[in-house]
file coords_25.pdb (PDB, C-alpha atoms)
ATOM      1  CA  ARG C   1     -19.183  13.409 -23.394  1.00  0.00           C
ATOM      2  CA  ASN C   2     -19.927  13.372 -19.699  1.00  0.00           C
ATOM      3  CA  ARG C   3     -16.279  13.699 -18.615  1.00  0.00           C
ATOM      4  CA  ASP C   4     -13.137  15.710 -19.335  1.00  0.00           C
ATOM      5  CA  GLU C   5     -10.717  13.998 -21.649  1.00  0.00           C
ATOM      6  CA  LEU C   6      -7.262  14.686 -23.054  1.00  0.00           C
ATOM      7  CA  ARG C   7      -6.947  13.468 -26.662  1.00  0.00           C
ATOM      8  CA  ASP C   8      -4.241  13.047 -29.231  1.00  0.00           C
ATOM      9  CA  GLY C   9      -5.493  11.203 -32.287  1.00  0.00           C
ATOM     10  CA  ALA C  10      -6.979   7.901 -31.148  1.00  0.00           C
ATOM     11  CA  ALA C  11      -5.278   8.084 -27.736  1.00  0.00           C
ATOM     12  CA  SER C  12      -7.218   9.594 -24.857  1.00  0.00           C
ATOM     13  CA  LEU C  13      -6.906  10.038 -21.102  1.00  0.00           C
ATOM     14  CA  THR C  14      -9.645  10.460 -18.532  1.00  0.00           C
ATOM     15  CA  VAL C  15     -10.034   9.740 -14.833  1.00  0.00           C
ATOM     16  CA  HIS C  16     -12.001   6.535 -14.270  1.00  0.00           C
ATOM     17  CA  GLU C  17     -12.091   3.634 -11.870  1.00  0.00           C
ATOM     18  CA  GLY C  18     -10.099   1.472 -14.290  1.00  0.00           C
ATOM     19  CA  MET C  19      -9.092  -1.876 -12.825  1.00  0.00           C
ATOM     20  CA  LEU C  20     -10.242  -0.992  -9.310  1.00  0.00           C
ATOM     21  CA  HIS C  21     -12.803  -3.791  -9.024  1.00  0.00           C
ATOM     22  CA  ALA C  22     -10.290  -6.388 -10.225  1.00  0.00           C
ATOM     23  CA  ARG C  23      -7.635  -5.087  -7.818  1.00  0.00           C
ATOM     24  CA  LEU C  24     -10.093  -5.224  -4.925  1.00  0.00           C
ATOM     25  CA  GLN C  25     -10.397  -9.012  -5.334  1.00  0.00           C
ATOM     26  CA  ALA C  26      -7.115  -9.449  -3.419  1.00  0.00           C
ATOM     27  CA  GLY C  27      -8.302  -7.208  -0.574  1.00  0.00           C
ATOM     28  CA  GLN C  28      -5.700  -6.783   2.179  1.00  0.00           C
ATOM     29  CA  ASP C  29      -3.444  -9.336   0.427  1.00  0.00           C
ATOM     30  CA  HIS C  30      -2.745  -7.092  -2.578  1.00  0.00           C
ATOM     31  CA  PRO C  31       0.999  -6.235  -2.596  1.00  0.00           C
ATOM     32  CA  LEU C  32       0.352  -2.477  -2.607  1.00  0.00           C
ATOM     33  CA  ILE C  33      -1.970  -2.702   0.396  1.00  0.00           C
ATOM     34  CA  ARG C  34       0.472  -4.948   2.278  1.00  0.00           C
ATOM     35  CA  ALA C  35       3.234  -2.434   1.569  1.00  0.00           C
ATOM     36  CA  ILE C  36       1.188   0.543   2.811  1.00  0.00           C
ATOM     37  CA  GLY C  37       0.003  -1.256   5.958  1.00  0.00           C
ATOM     38  CA  PRO C  38      -2.757   0.005   8.249  1.00  0.00           C
ATOM     39  CA  ALA C  39      -3.399   3.706   7.705  1.00  0.00           C
ATOM     40  CA  VAL C  40      -5.814   6.513   8.420  1.00  0.00           C
ATOM     41  CA  HIS C  41      -4.044   8.989   6.114  1.00  0.00           C
ATOM     42  CA  VAL C  42      -1.818   8.185   3.129  1.00  0.00           C
ATOM     43  CA  VAL C  43      -0.102  10.706   0.876  1.00  0.00           C
ATOM     44  CA  ASP C  44       0.238   9.671  -2.772  1.00  0.00           C
ATOM     45  CA  GLY C  45       3.066  11.941  -3.886  1.00  0.00           C
ATOM     46  CA  THR C  46       2.819  10.933  -7.544  1.00  0.00           C
ATOM     47  CA  LEU C  47      -0.937  10.719  -8.082  1.00  0.00           C
ATOM     48  CA  GLY C  48      -1.207  10.290 -11.846  1.00  0.00           C
ATOM     49  CA  LEU C  49      -4.790   9.384 -12.777  1.00  0.00           C
ATOM     50  CA  ALA C  50      -5.436   8.245  -9.164  1.00  0.00           C
ATOM     51  CA  GLY C  51      -5.726   4.482  -9.747  1.00  0.00           C
ATOM     52  CA  ASP C  52      -3.477   3.599  -6.804  1.00  0.00           C
ATOM     53  CA  ALA C  53      -5.079   6.271  -4.588  1.00  0.00           C
ATOM     54  CA  LEU C  54      -8.562   4.883  -5.296  1.00  0.00           C
ATOM     55  CA  HIS C  55      -7.306   1.378  -4.514  1.00  0.00           C
ATOM     56  CA  ILE C  56      -5.682   2.441  -1.225  1.00  0.00           C
ATOM     57  CA  SER C  57      -8.762   4.427  -0.164  1.00  0.00           C
ATOM     58  CA  ALA C  58     -11.138   1.588  -1.091  1.00  0.00           C
ATOM     59  CA  VAL C  59      -9.329  -1.157   0.815  1.00  0.00           C
ATOM     60  CA  LEU C  60      -8.067   0.800   3.822  1.00  0.00           C
ATOM     61  CA  GLY C  61     -10.989   3.225   4.069  1.00  0.00           C
ATOM     62  CA  CYS C  62      -8.477   6.012   4.615  1.00  0.00           C
ATOM     63  CA  LYS C  63      -8.041   9.585   3.459  1.00  0.00           C
ATOM     64  CA  VAL C  64      -5.563   9.950   0.584  1.00  0.00           C
ATOM     65  CA  THR C  65      -3.891  13.268  -0.127  1.00  0.00           C
ATOM     66  CA  GLY C  66      -2.829  13.116  -3.767  1.00  0.00           C
ATOM     67  CA  ILE C  67      -0.095  15.310  -5.210  1.00  0.00           C
ATOM     68  CA  GLU C  68       0.086  15.747  -8.993  1.00  0.00           C
ATOM     69  CA  GLY C  69       2.786  17.818 -10.691  1.00  0.00           C
ATOM     70  CA  SER C  70       1.423  17.831 -14.242  1.00  0.00           C
ATOM     71  CA  PRO C  71      -1.106  20.644 -14.840  1.00  0.00           C
ATOM     72  CA  ALA C  72      -2.700  18.629 -17.675  1.00  0.00           C
ATOM     73  CA  ILE C  73      -3.244  15.566 -15.491  1.00  0.00           C
ATOM     74  CA  TYR C  74      -4.324  17.706 -12.546  1.00  0.00           C
ATOM     75  CA  SER C  75      -7.040  19.337 -14.663  1.00  0.00           C
ATOM     76  CA  LEU C  76      -8.387  15.860 -15.471  1.00  0.00           C
ATOM     77  CA  LEU C  77      -8.349  15.015 -11.754  1.00  0.00           C
ATOM     78  CA  GLU C  78     -10.190  18.223 -10.835  1.00  0.00           C
ATOM     79  CA  GLU C  79     -13.115  17.054 -12.942  1.00  0.00           C
ATOM     80  CA  GLY C  80     -12.734  13.297 -12.553  1.00  0.00           C
ATOM     81  CA  ILE C  81     -12.422  12.804  -8.808  1.00  0.00           C
ATOM     82  CA  PRO C  82     -15.614  14.782  -7.983  1.00  0.00           C
ATOM     83  CA  ARG C  83     -17.429  12.935 -10.794  1.00  0.00           C
ATOM     84  CA  LEU C  84     -16.347   9.542  -9.411  1.00  0.00           C
ATOM     85  CA  ALA C  85     -17.175  10.683  -5.862  1.00  0.00           C
ATOM     86  CA  LYS C  86     -20.863  10.844  -6.818  1.00  0.00           C
ATOM     87  CA  THR C  87     -20.992   7.035  -6.992  1.00  0.00           C
ATOM     88  CA  LEU C  88     -17.670   5.784  -5.580  1.00  0.00           C
ATOM     89  CA  ALA C  89     -17.014   6.308  -1.854  1.00  0.00           C
ATOM     90  CA  PRO C  90     -13.192   5.952  -2.092  1.00  0.00           C
ATOM     91  CA  ALA C  91     -13.052   8.992  -4.392  1.00  0.00           C
ATOM     92  CA  ARG C  92     -14.732  11.069  -1.663  1.00  0.00           C
ATOM     93  CA  ARG C  93     -11.681  10.489   0.550  1.00  0.00           C
ATOM     94  CA  ILE C  94      -9.154  11.826  -1.993  1.00  0.00           C
ATOM     95  CA  VAL C  95      -7.876  15.377  -1.568  1.00  0.00           C
ATOM     96  CA  LEU C  96      -6.050  16.881  -4.570  1.00  0.00           C
ATOM     97  CA  LEU C  97      -2.956  19.095  -4.502  1.00  0.00           C
ATOM     98  CA  LEU C  98      -1.170  20.515  -7.541  1.00  0.00           C
ATOM     99  CA  GLY C  99       2.583  20.825  -7.238  1.00  0.00           C
ATOM    100  CA  GLU C 100       5.996  19.265  -7.518  1.00  0.00           C
ATOM    101  CA  ALA C 101       6.194  16.321  -5.095  1.00  0.00           C
ATOM    102  CA  THR C 102       9.175  17.368  -2.970  1.00  0.00           C
ATOM    103  CA  ALA C 103       8.032  20.964  -2.494  1.00  0.00           C
ATOM    104  CA  THR C 104       4.413  19.990  -1.847  1.00  0.00           C
ATOM    105  CA  LEU C 105       5.369  17.266   0.639  1.00  0.00           C
ATOM    106  CA  ALA C 106       7.184  19.972   2.605  1.00  0.00           C
ATOM    107  CA  GLY C 107       3.850  21.694   3.287  1.00  0.00           C
ATOM    108  CA  ILE C 108       1.870  18.637   4.409  1.00  0.00           C
ATOM    109  CA  GLY C 109       1.336  17.665   8.035  1.00  0.00           C
ATOM    110  CA  SER C 110       1.636  14.108   9.299  1.00  0.00           C
ATOM    111  CA  ALA C 111       0.450  10.928   7.604  1.00  0.00           C
ATOM    112  CA  ASP C 112       0.782   7.206   8.239  1.00  0.00           C
ATOM    113  CA  ALA C 113       2.486   6.482   4.918  1.00  0.00           C
ATOM    114  CA  VAL C 114       3.713   8.194   1.774  1.00  0.00           C
ATOM    115  CA  PHE C 115       3.433   6.339  -1.536  1.00  0.00           C
ATOM    116  CA  LEU C 116       5.677   7.319  -4.452  1.00  0.00           C
ATOM    117  CA  ALA C 117       5.387   5.807  -7.925  1.00  0.00           C
ATOM    118  CA  PRO C 118       7.217   7.988 -10.432  1.00  0.00           C
ATOM    119  CA  MET C 119       6.805   7.512 -14.164  1.00  0.00           C
ATOM    120  CA  TYR C 120       9.223   4.812 -15.319  1.00  0.00           C
ATOM    121  CA  ASP C 121      11.960   5.871 -17.737  1.00  0.00           C
ATOM    122  CA  ARG C 122      11.559   2.645 -19.668  1.00  0.00           C
ATOM    123  CA  ALA C 123       8.352   2.278 -21.654  1.00  0.00           C
ATOM    124  CA  ARG C 124       6.260  -0.813 -20.909  1.00  0.00           C
ATOM    125  CA  ALA C 125       3.554  -2.556 -22.850  1.00  0.00           C
ATOM    126  CA  ALA C 126       0.350  -0.712 -21.962  1.00  0.00           C
ATOM    127  CA  THR C 127      -2.932   0.626 -23.240  1.00  0.00           C
ATOM    128  CA  PRO C 128      -2.764   3.158 -26.113  1.00  0.00           C
ATOM    129  CA  GLY C 129      -3.566   6.071 -23.791  1.00  0.00           C
ATOM    130  CA  PHE C 130      -0.545   5.292 -21.621  1.00  0.00           C
ATOM    131  CA  GLU C 131       1.869   6.791 -24.150  1.00  0.00           C
ATOM    132  CA  LEU C 132      -0.137  10.003 -23.996  1.00  0.00           C
ATOM    133  CA  LEU C 133       0.078   9.847 -20.200  1.00  0.00           C
ATOM    134  CA  ARG C 134       3.869   9.429 -20.459  1.00  0.00           C
ATOM    135  CA  ARG C 135       4.077  12.567 -22.616  1.00  0.00           C
ATOM    136  CA  VAL C 136       2.203  14.810 -20.160  1.00  0.00           C
ATOM    137  CA  ALA C 137       3.383  13.247 -16.885  1.00  0.00           C
ATOM    138  CA  VAL C 138       6.156  14.495 -14.631  1.00  0.00           C
ATOM    139  CA  HIS C 139       9.201  12.231 -14.928  1.00  0.00           C
ATOM    140  CA  ASP C 140      11.044  13.170 -11.733  1.00  0.00           C
ATOM    141  CA  PRO C 141      12.790  10.160 -10.143  1.00  0.00           C
ATOM    142  CA  PHE C 142      13.073   9.534  -6.407  1.00  0.00           C
ATOM    143  CA  THR C 143      15.612  11.918  -4.917  1.00  0.00           C
ATOM    144  CA  PRO C 144      17.159  11.939  -1.451  1.00  0.00           C
ATOM    145  CA  ARG C 145      15.360  15.247  -0.763  1.00  0.00           C
ATOM    146  CA  MET C 146      11.999  13.753  -1.828  1.00  0.00           C
ATOM    147  CA  LEU C 147      12.525  10.750   0.459  1.00  0.00           C
ATOM    148  CA  GLU C 148      13.604  13.066   3.292  1.00  0.00           C
ATOM    149  CA  GLN C 149      10.392  15.095   2.936  1.00  0.00           C
ATOM    150  CA  ALA C 150       8.317  11.909   2.750  1.00  0.00           C
ATOM    151  CA  HIS C 151       9.894  10.587   5.968  1.00  0.00           C
ATOM    152  CA  ARG C 152       9.381  13.955   7.633  1.00  0.00           C
ATOM    153  CA  ILE C 153       5.614  13.474   7.441  1.00  0.00           C
ATOM    154  CA  ALA C 154       5.313   9.679   7.687  1.00  0.00           C
ATOM    155  CA  PRO C 155       7.297   6.861   9.296  1.00  0.00           C
ATOM    156  CA  ARG C 156       6.538   4.563   6.344  1.00  0.00           C
ATOM    157  CA  VAL C 157       7.458   5.369   2.744  1.00  0.00           C
ATOM    158  CA  VAL C 158       6.522   2.974  -0.061  1.00  0.00           C
ATOM    159  CA  LEU C 159       8.212   3.168  -3.459  1.00  0.00           C
ATOM    160  CA  LYS C 160       6.761   1.464  -6.532  1.00  0.00           C
ATOM    161  CA  VAL C 161       9.736   0.246  -8.562  1.00  0.00           C
ATOM    162  CA  ASP C 162      10.406  -1.866 -11.612  1.00  0.00           C
ATOM    163  CA  ARG C 163      10.748  -5.548 -10.905  1.00  0.00           C
ATOM    164  CA  GLY C 164      14.451  -6.187 -10.380  1.00  0.00           C
ATOM    165  CA  ALA C 165      15.326  -2.531  -9.692  1.00  0.00           C
ATOM    166  CA  PRO C 166      18.363  -2.096  -7.447  1.00  0.00           C
ATOM    167  CA  GLU C 167      17.879  -2.017  -3.703  1.00  0.00           C
ATOM    168  CA  VAL C 168      17.170   1.318  -2.083  1.00  0.00           C
ATOM    169  CA  GLU C 169      19.183   2.273   0.990  1.00  0.00           C
ATOM    170  CA  GLY C 170      17.101   1.854   4.125  1.00  0.00           C
ATOM    171  CA  THR C 171      14.772  -0.815   2.679  1.00  0.00           C
ATOM    172  CA  THR C 172      12.976  -2.733   5.425  1.00  0.00           C
ATOM    173  CA  ALA C 173      10.851  -4.874   3.074  1.00  0.00           C
ATOM    174  CA  ARG C 174      10.392  -5.543  -0.627  1.00  0.00           C
ATOM    175  CA  ILE C 175       6.994  -6.867  -1.651  1.00  0.00           C
ATOM    176  CA  ARG C 176       6.688  -8.400  -5.098  1.00  0.00           C
ATOM    177  CA  GLY C 177       3.716  -7.635  -7.277  1.00  0.00           C
ATOM    178  CA  LYS C 178       2.880  -9.181 -10.641  1.00  0.00           C
ATOM    179  CA  SER C 179       4.969  -6.705 -12.655  1.00  0.00           C
ATOM    180  CA  VAL C 180       6.381  -4.266 -10.086  1.00  0.00           C
ATOM    181  CA  ASP C 181       7.884  -4.355  -6.622  1.00  0.00           C
ATOM    182  CA  TYR C 182       6.953  -2.227  -3.624  1.00  0.00           C
ATOM    183  CA  VAL C 183       9.936  -1.126  -1.562  1.00  0.00           C
ATOM    184  CA  VAL C 184       9.099  -0.270   2.031  1.00  0.00           C
ATOM    185  CA  LEU C 185      11.249   2.193   3.963  1.00  0.00           C
ATOM    186  CA  ASP C 186       9.961   2.163   7.523  1.00  0.00           C
ATOM    187  CA  ARG C 187      11.817   4.117  10.186  1.00  0.00           C
ATOM    188  CA  ARG C 188      10.147   1.932  12.815  1.00  0.00           C
ATOM    189  CA  GLY C 189      11.905  -1.100  11.295  1.00  0.00           C
ATOM    190  CA  VAL C 190       8.615  -2.968  10.834  1.00  0.00           C
TER     191      VAL C 190
END
call {"tool": "encode", "arguments": {"input": "coords_25.pdb", "output": "structure tokens"}}
result
Amino acid sequence: RNRDELRDGAASLTVHEGMLHARLQAGQDHPLIRAIGPAVHVVDGTLGLAGDALHISAVLGCKVTGIEGSPAIYSLLEEGIPRLAKTLAPARRIVLLLGEATATLAGIGSADAVFLAPMYDRARAATPGFELLRRVAVHDPFTPRMLEQAHRIAPRVVLKVDRGAPEVEGTTARIRGKSVDYVVLDRRGV
């Protein structure tokens, strides 16, 4: 094919624009975009296949530094983001870093916001390839050290959590999405 792909039987993973065009319909009103707020530079500390990073870059027109801890997923990103960048401007603003989120955040300069969306422990109904993604993804939860590093580089930290997840200490806002919530931890109190 014309793209790198990870396969296991009928399940496959590749980097693609996915639901980007559908998500763009909400524009600035999308819960993720409202949670991030205005930004010139966002760090996505749990990049995955870059769907959220593409969305943030497309709507806000900002640079997104994406951190991915899984070597298998990162190898897909190394091929996929440059391929998408040929025809999709938001992909041109994504910078890739391989590494564990907390350690890699420690080496990043300042940003306007850090977005963290770790792999959920509880499986959800999803496309067949999602189970393959769950098998190769990093499953590290939010830790106090991770949040400390995130706040070191950005005043605003946004956590993607399961709907109904317990409150996080320091929450300044909780924005409901269709199936997830976005918890905002903003040191400025905004």
call {"tool": "closest_residue", "arguments": {"input": "coords_25.pdb", "among": "C:Leu20, C:Leu77, C:Val114, C:Ala101", "to": "Arg152 in chain C", "atoms": "all atoms listed in the file"}}
result
C:Val114
call {"tool": "resolve_selection", "arguments": {"input": "coords_25.pdb", "expression": "the PyMOL selection byres ((chain C and resi 170-183) around 6)", "output": "list in words"}}
result
Pro31, Val158, Leu159, Lys160, Val161, Asp162, Arg163, Val168, Glu169, Val184 and Leu185 of chain C
call {"tool": "closest_residue", "arguments": {"input": "coords_25.pdb", "among": "C:Thr46, C:Arg23, C:Ala89, C:Thr65", "to": "Pro141 in chain C", "atoms": "only C-alpha atoms"}}
result
C:Thr46
call {"tool": "atom_distance", "arguments": {"input": "coords_25.pdb", "atom1": "CA of Ser110 in chain C", "atom2": "CA of Asp44 in chain C"}}
result
12.9 Å
call {"tool": "resolve_selection", "arguments": {"input": "coords_25.pdb", "expression": "the PyMOL selection byres ((chain C and resi 4) around 7)", "output": "list in words"}}
result
Arg3, Glu5, Thr14, Leu76 and Glu79 of chain C
call {"tool": "atom_distance", "arguments": {"input": "coords_25.pdb", "atom1": "CA of Val43 in chain C", "atom2": "CA of Gly61 in chain C"}}
result
13.6 Å
call {"tool": "axis_aligned_box", "arguments": {"input": "coords_25.pdb", "around": "range 106-111 of chain C", "padding_each_side": "3 Å", "output": "lines of an AutoDock Vina configuration file"}}
result
center_x = 3.8
center_y = 16.3
center_z = 6.0
size_x = 12.7
size_y = 16.8
size_z = 12.7
